[in-house]
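Report on the structure given below.
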Amino acid sequence: MHNNTAISELIEAGKWISQRGWVPATGGNFSARTNTGFVVTASGFDKGQLGSHTFIELDHAGNRSASAAKPSAETELHLSMYKLIPSANYVLHTHSVAATVLSRVIKGHSLDLHGYEMQKSLTGITSHLDTLSIPIFDNDQDIDRLSLLVSDHHLHIPIEHGVLIRGHGLYVVGRTIGEVRRQLEGLEFLFACELERLKLVGLES
């Protein structure tokens with residue numbers, strides 16, 4: 001995939017994601033794997049108003065081309081996920097209320113969902129009786145250290161759809177722009193449902 005194609009797809013995804021309130025206050029970041037390496041959103045831009053100047057181009061080793069834009073501090077986590085999941089061609093990172101709150105109130109190392117028909121919107125999930133498990137990692141301003149934690153987890157339990165960073169947000173992966181958008185929308189719906197369920201029944205149920 002050419003860089004310009006990937007950038008155009010991420011610009012449209014950014015508009016769609018922003019309209020849903022999942023990337024407030026310039027939060028979040030998006031990336032894609034391309035023929036020459038990667039493209040990733042630069043820091044400090046409204047994700048609903050992206051343009052070609054709001055992206056940074058990286059080679060296969062993660063070195064960036066000359067650009068006046070500031071790279072996101074979380075670029076290394078994107079690159080780490082591409083290394084861990086060779087089939088992933090897109091990473092979308094969002095900051096929705098549901099994902100952020102659930103990642104804080106769930107004290108374990110994963111958010112486990114079952115019984116929801118919408119689980120089947122995630123690749124590989126074929127029944128509401130399956131358990132969909134999204135790993136949760138403690139937030140860390142040291143992105144290299146956080147990336148190592150994610151890598152270590154993946155060696156023992158492969159990451160399939162994405163990860164939650166506690167008090168921070170969601171990272172979703174996908175092979176195509178259609179798949180990553182579907183999985184993001186499916187997860188955000190499931191998170192919203194689970195948050196409402198916990199409000200009604202409490203954490204112990």
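Note on naming: chains are A, B, ... as they come in the structure tokens, residues start from 1 per chain, ligands start from 1 in the order shown.
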Could you write out, as a ChimeraX atom specification, all the residues of region 126-193 of chain A that DSSP marks as helix (DSSP H, G or I)?
/A:143-156,177-193
What would the file look like if the residues just selected were written as a PDB file, in the first residue's frame with C-alpha atoms?
```pdb
ATOM      1  CA  ILE A 143       6.657   3.819  26.196  1.00  0.00           C
ATOM      2  CA  ASP A 144       9.641   1.509  25.668  1.00  0.00           C
ATOM      3  CA  ARG A 145       8.933  -0.156  29.025  1.00  0.00           C
ATOM      4  CA  LEU A 146       5.226  -0.403  28.216  1.00  0.00           C
ATOM      5  CA  SER A 147       6.038  -1.925  24.826  1.00  0.00           C
ATOM      6  CA  LEU A 148       8.150  -4.591  26.547  1.00  0.00           C
ATOM      7  CA  LEU A 149       5.226  -5.514  28.807  1.00  0.00           C
ATOM      8  CA  VAL A 150       2.952  -5.849  25.781  1.00  0.00           C
ATOM      9  CA  SER A 151       5.571  -7.959  23.985  1.00  0.00           C
ATOM     10  CA  ASP A 152       6.050 -10.257  26.976  1.00  0.00           C
ATOM     11  CA  HIS A 153       2.290 -10.788  27.264  1.00  0.00           C
ATOM     12  CA  HIS A 154       2.048 -11.596  23.555  1.00  0.00           C
ATOM     13  CA  LEU A 155       4.675 -14.340  23.895  1.00  0.00           C
ATOM     14  CA  HIS A 156       2.417 -16.157  26.375  1.00  0.00           C
ATOM     15  CA  ILE A 177      -9.060  -0.436   7.112  1.00  0.00           C
ATOM     16  CA  GLY A 178     -12.512  -2.027   7.006  1.00  0.00           C
ATOM     17  CA  GLU A 179     -11.567  -4.685   9.548  1.00  0.00           C
ATOM     18  CA  VAL A 180      -9.891  -2.311  11.995  1.00  0.00           C
ATOM     19  CA  ARG A 181     -12.848   0.100  11.844  1.00  0.00           C
ATOM     20  CA  ARG A 182     -15.318  -2.764  12.375  1.00  0.00           C
ATOM     21  CA  GLN A 183     -13.350  -4.101  15.309  1.00  0.00           C
ATOM     22  CA  LEU A 184     -13.041  -0.652  16.863  1.00  0.00           C
ATOM     23  CA  GLU A 185     -16.775  -0.028  16.534  1.00  0.00           C
ATOM     24  CA  GLY A 186     -17.602  -3.484  17.857  1.00  0.00           C
ATOM     25  CA  LEU A 187     -15.324  -3.113  20.870  1.00  0.00           C
ATOM     26  CA  GLU A 188     -16.590   0.371  21.686  1.00  0.00           C
ATOM     27  CA  PHE A 189     -20.184  -0.916  21.578  1.00  0.00           C
ATOM     28  CA  LEU A 190     -19.265  -3.824  23.851  1.00  0.00           C
ATOM     29  CA  PHE A 191     -17.413  -1.541  26.268  1.00  0.00           C
ATOM     30  CA  ALA A 192     -20.404   0.806  26.444  1.00  0.00           C
ATOM     31  CA  CYS A 193     -22.711  -2.146  27.151  1.00  0.00           C
TER      32      CYS A 193
END
```
Hey, what's within 6 Å of region 42-56 of chain A if we count only C-alpha atoms and toss same-chain stuff fewer than 4 positions away? As a list in words, please?
Ile11, Gly14, Lys15, Ser18, Thr26, Ala69, Lys70, Pro71 and Ser72 of chain A
Give me the region 137-192 of chain A side of the contact with region 83-102 of chain A, cut-off 6 Å, one line per residue showing its nearest atom pair and distance in Å at one decimal, counting only C-alpha atoms, sorted by chain and residue number, as CSV.
```
residue,atom,partner,partner_atom,distance
A:Gly167,CA,A:Thr100,CA,4.9
A:His168,CA,A:Thr100,CA,5.5
A:Gly169,CA,A:His95,CA,4.5
A:Leu170,CA,A:Thr94,CA,5.4
A:Tyr171,CA,A:His93,CA,4.4
A:Val172,CA,A:Leu92,CA,5.3
A:Val173,CA,A:Val91,CA,4.6
A:Gly174,CA,A:Ala88,CA,5.1
A:Arg175,CA,A:Ala88,CA,4.7
A:Phe191,CA,A:Ala98,CA,5.6
A:Ala192,CA,A:Ala98,CA,5.4
```
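The nearest approach to Leu58 (chain A) among the residues A:Leu203, A:Pro24, A:Asn3, A:Met81, with only C-alpha atoms taken into account, belongs to A:Asn3.
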Skipping near chain neighbours, those fewer than 2 positions away, what residues fall within 7 Å of region 113-123 of chain A using only C-alpha atoms, listed as an NGL selection string?
:A and (111 or 125-133 or 182-183 or 186 or 190)
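Pairwise distance (CA of Thr34 (chain A), CA of Met1 (chain A)) equals 4.9 Å.
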Pick from A:Thr176, A:His109, A:Trp22, A:Pro135: nearest to Leu10 (chain A), with only C-alpha atoms counted?
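Smallest distance to Leu10 (chain A) is found for A:Thr176.
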Could you check how far CA of Ile7 (chain A) sits from CA of Val39 (chain A), in Å to one decimal?
7.1 Å
Considering only C-alpha atoms, can you say which of A:Glu196, A:Glu12, A:Glu76, A:Asp138 comes closest to Ala61 (chain A)?
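With only C-alpha atoms as the atom set, the closest residue is A:Glu76.
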Using only C-alpha atoms, which of the listed residues (A:Val163, A:Val201, A:Ala73, A:Leu79) sits closest to Ser110 (chain A)?
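Using only C-alpha atoms, the shortest distance to Ser110 (chain A) belongs to A:Val163.
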